[in-house]
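Undergrad: Mind looking over this structure? Questions follow.
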Amino acid sequence: MLYRKAYKKLLDWKAQEKKKALCILGARQIGKTTLIRAFGKENYEHFVELNFITDEKAKLIFAGSLDADTIITNLTAYIRQPLTPGKTLILFDEIQACPNVRTAIKFLVEDGRFDYIESGSLLGVRYKEVRSYPVGFEEIYRMYPMDFEEYLLANGVRESTITHLQDCFKEKKPVSESVHNTLLKLFQSYIVVGGMPQVVQTYVDTHDIGRVIENQKDILEQYRLDIAQYAEGNDKLKIKAIFDSIPSQLNDKNRRFILTHIDENGRQNRYADSFRWLSEAGVALACYNVTEPHPPLQLNEKHNLFKLFMGDTGLLCAACMENIQFPILNGDLSINMGSLLENVIAQQIKANGFSLNYFDSKKYGELDFVIQNGTRIDVVEVKSGNDYKKHTTLNRVLAVENWSVRNAYVLCPGNIAIDEQITYLPWYMIMFLTPEKIETGSFFEIDISGL
């Protein structure tokens, strides 16, 4: 199995004394089931897996009473294998096909005999079918395609090399030219291959780009079939139109999604559920404009102005239908590189744990990404060419004192360098821009002895 950072999340969850059920969300084909299956078999004496799409009869376990004793009696009769309390993990997979599982999980967690993981690809878009959510009994964790660090490890890059790169990022010292040039080539291959585990494994095993593209097109077709199967009524056509237009919309100069490009009479409120469907399914990543790069960003978001990125850049390359893969792999970055670069950076920022925002105004211009990290703001410009030291908008924004931008990054093909307030980073360094951690043991206590 390819290394996934989410494995550590599963280990941390297992170590909790009074754990909730872990509900893992994410798009299809990102490796959720493979990861959970490996984790269960390696860390529990007994592992049980129920898939409610491939095994429709399993739904009958939850067809009657949803109290724990009844469910566990039905479950043991159905699977006919031992379940030892405290030593058994039960995976309920594709639970969007059996909404009663979400309702029953409260009683199963309260019962406490076994550990439970739920997994699904379209949970966020089928929420209306769940009678009662297990609030307080379910921990939500969202997975994404493999990020660039995971991709490097899959391709045989040593952990010590990644540690060295991280040290360079922290100390703002240049990477050696040989390592830098190799990492640029690996990053360019990541743009083409993306982070879908099956596709990455195909590339690692064969380095056959033709097979990579075939796998990617199969996944894109599965996404379209999901839209046809799970979207409701008239939303099917709207969602498919949005999904199919993402490559062309990103290819426009400002990348902003223009609704009238797919519907001359389209209104934002009529398409809101369709955009939300793609986002909740993990297929697309919405990046909202903010009125100013000042915290809290969520209060400054303008939801009628946004960019819509593909959830995986490799899929975006495959969807472009322009045979752009080989020029990119051979270092020709002039073909659609702006949109592809922004997409891959957005994908990594999201995987790192940040929300996606950008800033655009007539007075200042446009910043590609605005990131709230703790209580401060980091801004990111993405440059594809060698003129990356030209950034008028960034200069204007940094001149506004009350916005208090902490870090200003320009992601570029060049090496690490600092010029006054601006840090120039190679594209691949985005993997190290992660959220500030609140350390455990940071207590705040109020003395009420005088009350």
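Following the order of the structure tokens, first chain is A, next is B, and so on, with residues numbered from 1 inside each chain and ligands from 1 in the order they appear.
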Write out as number ranges by chain each polymer residue whose atoms come within 8 Å of region 178-190 of chain A, counting only C-alpha atoms; drop sequence neighbours fewer than 3 positions from it.
TA: A: 148, 151-152, 175, 193-195, 314, 328-329, 331, 413, 415, 426-428
Undergrad: Taking only region 1-215 of chain A into account, list the residues labelled strand (DSSP E) by DSSP (computed from the backbone), as a PyMOL selection string.
TA: chain A and resi 21-25+46-51+88-93+115-120+138-142
Undergrad: Using only C-alpha atoms, which of A:Pro174, A:Pro296, A:Pro99, A:Gly112 sits nearest Lys18 (chain A)?
TA: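 When distances to Lys18 (chain A) are compared using only C-alpha atoms, the smallest one comes from A:Gly112.
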Undergrad: When distances are computed from only C-alpha atoms, which of A:Leu91, A:Leu285, A:Glu322, A:Leu451 shows the smallest separation from Leu75 (chain A)?
TA: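 Of the candidates, the smallest distance to Leu75 (chain A) is held by A:Leu91.
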Undergrad: Skip Tyr364 (chain A) itself and residues of its chain fewer than 3 positions away, then list as a VMD selection string all residues within 10 Å of it, counting only C-alpha atoms.
TA: chain A and resid 359 to 361 367 392 to 397
Undergrad: Check the smallest atom-to-atom distance from each of A:Asp312, A:Glu159, A:Glu264, A:Glu45 to Val199 (chain A) using only C-alpha atoms, then report the winner.
TA: A:Asp312
Undergrad: Could you please determine the separation between CA of Cys98 (chain A) and CA of Ser121 (chain A) in Å, to one decimal place?
TA: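 It comes out at 12.5 Å.
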Undergrad: So which residues touch Thr375 (chain A) within 12 Å, counting only C-alpha atoms, skipping near sequence neighbours fewer than 3 positions away, as number ranges by chain?
TA: A: 293-297, 371-372, 378, 403-406, 435-438
Undergrad: Find the spatial neighbours of Gln249 (chain A), counting only C-alpha atoms, within a cut-off of 12 Å - ignore same-chain residues fewer than 2 positions away - and output them as an mmCIF file with all heavy atoms, in the first residue's frame.
TA:
data_model
loop_
_atom_site.group_PDB
_atom_site.id
_atom_site.type_symbol
_atom_site.label_atom_id
_atom_site.label_comp_id
_atom_site.auth_asym_id
_atom_site.auth_seq_id
_atom_site.Cartn_x
_atom_site.Cartn_y
_atom_site.Cartn_z
ATOM 1 N N ALA A 241 -22.937 20.079 -16.217
ATOM 2 C CA ALA A 241 -22.478 21.242 -16.991
ATOM 3 C C ALA A 241 -21.361 21.978 -16.251
ATOM 4 O O ALA A 241 -20.364 22.403 -16.864
ATOM 5 C CB ALA A 241 -23.651 22.176 -17.260
ATOM 6 N N ILE A 242 -21.522 22.131 -14.943
ATOM 7 C CA ILE A 242 -20.482 22.790 -14.137
ATOM 8 C C ILE A 242 -19.199 21.970 -14.175
ATOM 9 O O ILE A 242 -18.111 22.491 -14.434
ATOM 10 C CB ILE A 242 -20.961 22.974 -12.689
ATOM 11 C CG1 ILE A 242 -22.134 23.950 -12.618
ATOM 12 C CG2 ILE A 242 -19.814 23.472 -11.810
ATOM 13 C CD1 ILE A 242 -22.817 23.996 -11.262
ATOM 14 N N PHE A 243 -19.332 20.675 -13.913
ATOM 15 C CA PHE A 243 -18.162 19.791 -13.854
ATOM 16 C C PHE A 243 -17.393 19.801 -15.172
ATOM 17 O O PHE A 243 -16.159 19.945 -15.190
ATOM 18 C CB PHE A 243 -18.625 18.371 -13.508
ATOM 19 C CG PHE A 243 -17.520 17.353 -13.473
ATOM 20 C CD1 PHE A 243 -16.544 17.404 -12.491
ATOM 21 C CD2 PHE A 243 -17.450 16.351 -14.426
ATOM 22 C CE1 PHE A 243 -15.521 16.468 -12.448
ATOM 23 C CE2 PHE A 243 -16.434 15.414 -14.397
ATOM 24 C CZ PHE A 243 -15.467 15.476 -13.402
ATOM 25 N N ASP A 244 -18.098 19.695 -16.278
ATOM 26 C CA ASP A 244 -17.438 19.635 -17.584
ATOM 27 C C ASP A 244 -16.824 20.969 -17.992
ATOM 28 O O ASP A 244 -15.940 21.004 -18.857
ATOM 29 C CB ASP A 244 -18.427 19.175 -18.653
ATOM 30 C CG ASP A 244 -18.775 17.698 -18.537
ATOM 31 O OD1 ASP A 244 -17.984 16.953 -17.925
ATOM 32 O OD2 ASP A 244 -19.838 17.292 -19.028
ATOM 33 N N SER A 245 -17.283 22.064 -17.380
ATOM 34 C CA SER A 245 -16.767 23.378 -17.778
ATOM 35 C C SER A 245 -15.590 23.848 -16.926
ATOM 36 O O SER A 245 -14.987 24.876 -17.229
ATOM 37 C CB SER A 245 -17.883 24.429 -17.703
ATOM 38 O OG SER A 245 -18.184 24.763 -16.369
ATOM 39 N N ILE A 246 -15.231 23.101 -15.884
ATOM 40 C CA ILE A 246 -14.143 23.529 -14.996
ATOM 41 C C ILE A 246 -12.845 23.790 -15.769
ATOM 42 O O ILE A 246 -12.214 24.839 -15.580
ATOM 43 C CB ILE A 246 -13.925 22.521 -13.860
ATOM 44 C CG1 ILE A 246 -15.105 22.557 -12.889
ATOM 45 C CG2 ILE A 246 -12.624 22.825 -13.102
ATOM 46 C CD1 ILE A 246 -15.033 21.510 -11.775
ATOM 47 N N PRO A 247 -12.387 22.887 -16.661
ATOM 48 C CA PRO A 247 -11.124 23.161 -17.373
ATOM 49 C C PRO A 247 -11.149 24.463 -18.174
ATOM 50 O O PRO A 247 -10.201 25.250 -18.113
ATOM 51 C CB PRO A 247 -10.970 21.936 -18.290
ATOM 52 C CG PRO A 247 -11.723 20.850 -17.602
ATOM 53 C CD PRO A 247 -12.907 21.537 -16.978
ATOM 54 N N ASN A 251 -9.134 28.120 -17.589
ATOM 55 C CA ASN A 251 -8.239 28.576 -18.644
ATOM 56 C C ASN A 251 -8.433 30.048 -18.969
ATOM 57 O O ASN A 251 -7.609 30.652 -19.655
ATOM 58 C CB ASN A 251 -8.438 27.725 -19.906
ATOM 59 C CG ASN A 251 -7.267 27.837 -20.866
ATOM 60 O OD1 ASN A 251 -6.124 27.902 -20.444
ATOM 61 N ND2 ASN A 251 -7.559 27.863 -22.157
ATOM 62 N N ASP A 252 -9.550 30.643 -18.482
ATOM 63 C CA ASP A 252 -9.754 32.082 -18.662
ATOM 64 C C ASP A 252 -8.704 32.851 -17.864
ATOM 65 O O ASP A 252 -8.140 32.346 -16.890
ATOM 66 C CB ASP A 252 -11.150 32.488 -18.199
ATOM 67 C CG ASP A 252 -12.212 32.106 -19.218
ATOM 68 O OD1 ASP A 252 -11.833 31.711 -20.334
ATOM 69 O OD2 ASP A 252 -13.409 32.184 -18.890
ATOM 70 N N LYS A 253 -8.477 34.084 -18.238
ATOM 71 C CA LYS A 253 -7.401 34.867 -17.653
ATOM 72 C C LYS A 253 -7.532 35.018 -16.147
ATOM 73 O O LYS A 253 -6.558 34.854 -15.408
ATOM 74 C CB LYS A 253 -7.353 36.253 -18.309
ATOM 75 C CG LYS A 253 -6.177 37.098 -17.848
ATOM 76 C CD LYS A 253 -6.115 38.419 -18.593
ATOM 77 C CE LYS A 253 -4.933 39.247 -18.131
ATOM 78 N NZ LYS A 253 -4.859 40.552 -18.837
ATOM 79 N N ASN A 254 -8.756 35.303 -15.643
ATOM 80 C CA ASN A 254 -8.891 35.529 -14.206
ATOM 81 C C ASN A 254 -9.319 34.286 -13.438
ATOM 82 O O ASN A 254 -9.462 34.337 -12.220
ATOM 83 C CB ASN A 254 -9.864 36.682 -13.919
ATOM 84 C CG ASN A 254 -11.287 36.352 -14.366
ATOM 85 O OD1 ASN A 254 -11.583 35.232 -14.791
ATOM 86 N ND2 ASN A 254 -12.171 37.336 -14.260
ATOM 87 N N ARG A 255 -9.519 33.161 -14.146
ATOM 88 C CA ARG A 255 -9.860 31.860 -13.546
ATOM 89 C C ARG A 255 -11.220 31.831 -12.859
ATOM 90 O O ARG A 255 -11.669 30.785 -12.408
ATOM 91 C CB ARG A 255 -8.812 31.407 -12.526
ATOM 92 C CG ARG A 255 -7.391 31.762 -12.854
ATOM 93 C CD ARG A 255 -6.709 30.713 -13.678
ATOM 94 N NE ARG A 255 -5.305 31.009 -13.773
ATOM 95 C CZ ARG A 255 -4.665 31.238 -14.899
ATOM 96 N NH1 ARG A 255 -5.303 31.160 -16.049
ATOM 97 N NH2 ARG A 255 -3.383 31.520 -14.915
ATOM 98 N N ARG A 256 -11.871 32.976 -12.689
ATOM 99 C CA ARG A 256 -13.130 33.002 -11.939
ATOM 100 C C ARG A 256 -14.212 32.261 -12.706
ATOM 101 O O ARG A 256 -14.304 32.345 -13.923
ATOM 102 C CB ARG A 256 -13.556 34.451 -11.676
ATOM 103 C CG ARG A 256 -14.798 34.578 -10.800
ATOM 104 C CD ARG A 256 -14.892 35.986 -10.204
ATOM 105 N NE ARG A 256 -15.092 37.007 -11.205
ATOM 106 C CZ ARG A 256 -16.289 37.369 -11.672
ATOM 107 N NH1 ARG A 256 -17.383 36.769 -11.219
ATOM 108 N NH2 ARG A 256 -16.400 38.326 -12.558
ATOM 109 N N PHE A 257 -15.057 31.537 -11.954
ATOM 110 C CA PHE A 257 -16.133 30.779 -12.584
ATOM 111 C C PHE A 257 -17.263 31.733 -12.968
ATOM 112 O O PHE A 257 -17.832 32.418 -12.112
ATOM 113 C CB PHE A 257 -16.662 29.700 -11.640
ATOM 114 C CG PHE A 257 -17.479 28.652 -12.343
ATOM 115 C CD1 PHE A 257 -16.903 27.469 -12.752
ATOM 116 C CD2 PHE A 257 -18.828 28.866 -12.627
ATOM 117 C CE1 PHE A 257 -17.640 26.500 -13.420
ATOM 118 C CE2 PHE A 257 -19.578 27.914 -13.293
ATOM 119 C CZ PHE A 257 -18.984 26.725 -13.692
ATOM 120 N N ILE A 258 -17.573 31.770 -14.262
ATOM 121 C CA ILE A 258 -18.615 32.660 -14.785
ATOM 122 C C ILE A 258 -19.822 31.801 -15.153
ATOM 123 O O ILE A 258 -19.760 31.014 -16.110
ATOM 124 C CB ILE A 258 -18.125 33.447 -16.013
ATOM 125 C CG1 ILE A 258 -16.807 34.174 -15.699
ATOM 126 C CG2 ILE A 258 -19.208 34.429 -16.467
ATOM 127 C CD1 ILE A 258 -16.916 35.206 -14.604
ATOM 128 N N LEU A 259 -20.901 31.956 -14.423
ATOM 129 C CA LEU A 259 -22.066 31.103 -14.609
ATOM 130 C C LEU A 259 -22.673 31.251 -16.003
ATOM 131 O O LEU A 259 -23.146 30.279 -16.599
ATOM 132 C CB LEU A 259 -23.113 31.417 -13.533
ATOM 133 C CG LEU A 259 -24.366 30.541 -13.495
ATOM 134 C CD1 LEU A 259 -23.998 29.066 -13.369
ATOM 135 C CD2 LEU A 259 -25.272 30.969 -12.352
ATOM 136 N N THR A 260 -22.654 32.457 -16.543
ATOM 137 C CA THR A 260 -23.277 32.681 -17.849
ATOM 138 C C THR A 260 -22.543 31.968 -18.987
ATOM 139 O O THR A 260 -23.070 31.867 -20.091
ATOM 140 C CB THR A 260 -23.346 34.190 -18.165
ATOM 141 O OG1 THR A 260 -22.038 34.761 -18.030
ATOM 142 C CG2 THR A 260 -24.317 34.884 -17.229
ATOM 143 N N HIS A 261 -21.348 31.452 -18.700
ATOM 144 C CA HIS A 261 -20.637 30.684 -19.730
ATOM 145 C C HIS A 261 -21.302 29.334 -19.983
ATOM 146 O O HIS A 261 -21.080 28.730 -21.038
ATOM 147 C CB HIS A 261 -19.179 30.465 -19.311
ATOM 148 C CG HIS A 261 -18.333 31.693 -19.428
ATOM 149 N ND1 HIS A 261 -16.981 31.709 -19.181
ATOM 150 C CD2 HIS A 261 -18.669 32.981 -19.757
ATOM 151 C CE1 HIS A 261 -16.511 32.938 -19.359
ATOM 152 N NE2 HIS A 261 -17.514 33.719 -19.712
ATOM 153 N N ILE A 262 -22.088 28.865 -19.014
ATOM 154 C CA ILE A 262 -22.788 27.586 -19.217
ATOM 155 C C ILE A 262 -24.306 27.773 -19.304
ATOM 156 O O ILE A 262 -25.015 26.863 -19.728
ATOM 157 C CB ILE A 262 -22.452 26.573 -18.096
ATOM 158 C CG1 ILE A 262 -22.880 27.115 -16.724
ATOM 159 C CG2 ILE A 262 -20.986 26.208 -18.099
ATOM 160 C CD1 ILE A 262 -22.735 26.083 -15.612
ATOM 161 N N PHE A 306 -16.080 33.336 -7.064
ATOM 162 C CA PHE A 306 -15.252 32.208 -6.662
ATOM 163 C C PHE A 306 -14.586 31.569 -7.887
ATOM 164 O O PHE A 306 -15.019 31.742 -9.025
ATOM 165 C CB PHE A 306 -16.086 31.160 -5.926
ATOM 166 C CG PHE A 306 -17.209 30.578 -6.747
ATOM 167 C CD1 PHE A 306 -17.023 29.416 -7.492
ATOM 168 C CD2 PHE A 306 -18.452 31.198 -6.785
ATOM 169 C CE1 PHE A 306 -18.050 28.895 -8.249
ATOM 170 C CE2 PHE A 306 -19.481 30.682 -7.545
ATOM 171 C CZ PHE A 306 -19.282 29.529 -8.282
ATOM 172 N N LYS A 307 -13.523 30.841 -7.607
ATOM 173 C CA LYS A 307 -12.890 29.969 -8.587
ATOM 174 C C LYS A 307 -13.265 28.537 -8.222
ATOM 175 O O LYS A 307 -13.463 28.220 -7.048
ATOM 176 C CB LYS A 307 -11.371 30.128 -8.563
ATOM 177 C CG LYS A 307 -10.879 31.535 -8.836
ATOM 178 C CD LYS A 307 -9.363 31.617 -8.691
ATOM 179 C CE LYS A 307 -8.853 33.033 -8.857
ATOM 180 N NZ LYS A 307 -7.379 33.123 -8.713
ATOM 181 N N LEU A 308 -13.362 27.694 -9.222
ATOM 182 C CA LEU A 308 -13.705 26.301 -8.975
ATOM 183 C C LEU A 308 -12.601 25.423 -9.557
ATOM 184 O O LEU A 308 -12.452 25.309 -10.766
ATOM 185 C CB LEU A 308 -15.049 25.957 -9.608
ATOM 186 C CG LEU A 308 -15.744 24.700 -9.081
ATOM 187 C CD1 LEU A 308 -16.102 24.855 -7.600
ATOM 188 C CD2 LEU A 308 -16.993 24.401 -9.882
ATOM 189 N N PHE A 309 -11.801 24.851 -8.647
ATOM 190 C CA PHE A 309 -10.696 24.002 -9.058
ATOM 191 C C PHE A 309 -11.137 22.541 -9.079
ATOM 192 O O PHE A 309 -12.061 22.140 -8.370
ATOM 193 C CB PHE A 309 -9.511 24.162 -8.104
ATOM 194 C CG PHE A 309 -8.894 25.533 -8.119
ATOM 195 C CD1 PHE A 309 -9.098 26.420 -7.071
ATOM 196 C CD2 PHE A 309 -8.101 25.938 -9.178
ATOM 197 C CE1 PHE A 309 -8.530 27.683 -7.080
ATOM 198 C CE2 PHE A 309 -7.524 27.196 -9.198
ATOM 199 C CZ PHE A 309 -7.738 28.075 -8.147
ATOM 200 N N MET A 310 -10.438 21.739 -9.849
ATOM 201 C CA MET A 310 -10.661 20.303 -9.853
ATOM 202 C C MET A 310 -10.022 19.717 -8.592
ATOM 203 O O MET A 310 -8.960 20.172 -8.155
ATOM 204 C CB MET A 310 -10.072 19.674 -11.108
ATOM 205 C CG MET A 310 -10.509 18.246 -11.368
ATOM 206 S SD MET A 310 -12.173 18.137 -12.063
ATOM 207 C CE MET A 310 -11.828 18.387 -13.811
ATOM 208 N N LEU A 316 -7.592 17.059 -13.985
ATOM 209 C CA LEU A 316 -7.767 18.273 -14.778
ATOM 210 C C LEU A 316 -6.987 18.171 -16.087
ATOM 211 O O LEU A 316 -7.500 18.521 -17.155
ATOM 212 C CB LEU A 316 -7.296 19.498 -13.987
ATOM 213 C CG LEU A 316 -7.331 20.842 -14.725
ATOM 214 C CD1 LEU A 316 -8.736 21.198 -15.165
ATOM 215 C CD2 LEU A 316 -6.749 21.953 -13.842
ATOM 216 N N CYS A 320 -8.657 18.101 -19.981
ATOM 217 C CA CYS A 320 -8.398 19.170 -20.944
ATOM 218 C C CYS A 320 -8.452 18.675 -22.389
ATOM 219 O O CYS A 320 -8.713 19.462 -23.306
ATOM 220 C CB CYS A 320 -7.026 19.803 -20.673
ATOM 221 S SG CYS A 320 -6.998 20.853 -19.203
ATOM 222 N N ASN A 336 -1.127 26.238 -20.903
ATOM 223 C CA ASN A 336 -2.103 26.154 -19.814
ATOM 224 C C ASN A 336 -1.460 26.068 -18.431
ATOM 225 O O ASN A 336 -2.081 25.599 -17.488
ATOM 226 C CB ASN A 336 -3.016 24.924 -19.987
ATOM 227 C CG ASN A 336 -4.030 25.117 -21.079
ATOM 228 O OD1 ASN A 336 -4.326 26.247 -21.459
ATOM 229 N ND2 ASN A 336 -4.562 24.033 -21.593
ATOM 230 N N SER A 339 -3.216 27.921 -15.200
ATOM 231 C CA SER A 339 -4.370 27.288 -14.569
ATOM 232 C C SER A 339 -3.993 26.002 -13.865
ATOM 233 O O SER A 339 -4.474 25.697 -12.774
ATOM 234 C CB SER A 339 -5.457 27.013 -15.613
ATOM 235 O OG SER A 339 -4.982 26.148 -16.630
ATOM 236 N N LEU A 340 -3.115 25.208 -14.475
ATOM 237 C CA LEU A 340 -2.699 23.948 -13.858
ATOM 238 C C LEU A 340 -1.904 24.201 -12.580
ATOM 239 O O LEU A 340 -2.067 23.503 -11.583
ATOM 240 C CB LEU A 340 -1.870 23.132 -14.840
ATOM 241 C CG LEU A 340 -2.628 22.623 -16.067
ATOM 242 C CD1 LEU A 340 -1.664 21.998 -17.060
ATOM 243 C CD2 LEU A 340 -3.695 21.614 -15.657
ATOM 244 N N ASN A 343 -4.207 25.222 -9.830
ATOM 245 C CA ASN A 343 -5.002 24.080 -9.373
ATOM 246 C C ASN A 343 -4.191 23.189 -8.438
ATOM 247 O O ASN A 343 -4.674 22.760 -7.384
ATOM 248 C CB ASN A 343 -5.499 23.263 -10.562
ATOM 249 C CG ASN A 343 -6.704 22.411 -10.227
ATOM 250 O OD1 ASN A 343 -7.821 22.690 -10.661
ATOM 251 N ND2 ASN A 343 -6.511 21.356 -9.429
#
Undergrad: When you look at Ile416 (chain A) with a cut-off of 9 Å (counting only C-alpha atoms), what residues show up, excluding the ones that are within fewer than 2 positions of it in the same chain? I need them as a PyMOL selection string.
TA: chain A and resi 168-169+172-175+414+418+423-426
Undergrad: Between A:Val204, A:Ala68, A:Ala21, A:Leu278, which has the minimum distance to Lys236 (chain A) (counting only C-alpha atoms)?
TA: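 Nearest to Lys236 (chain A): A:Leu278.
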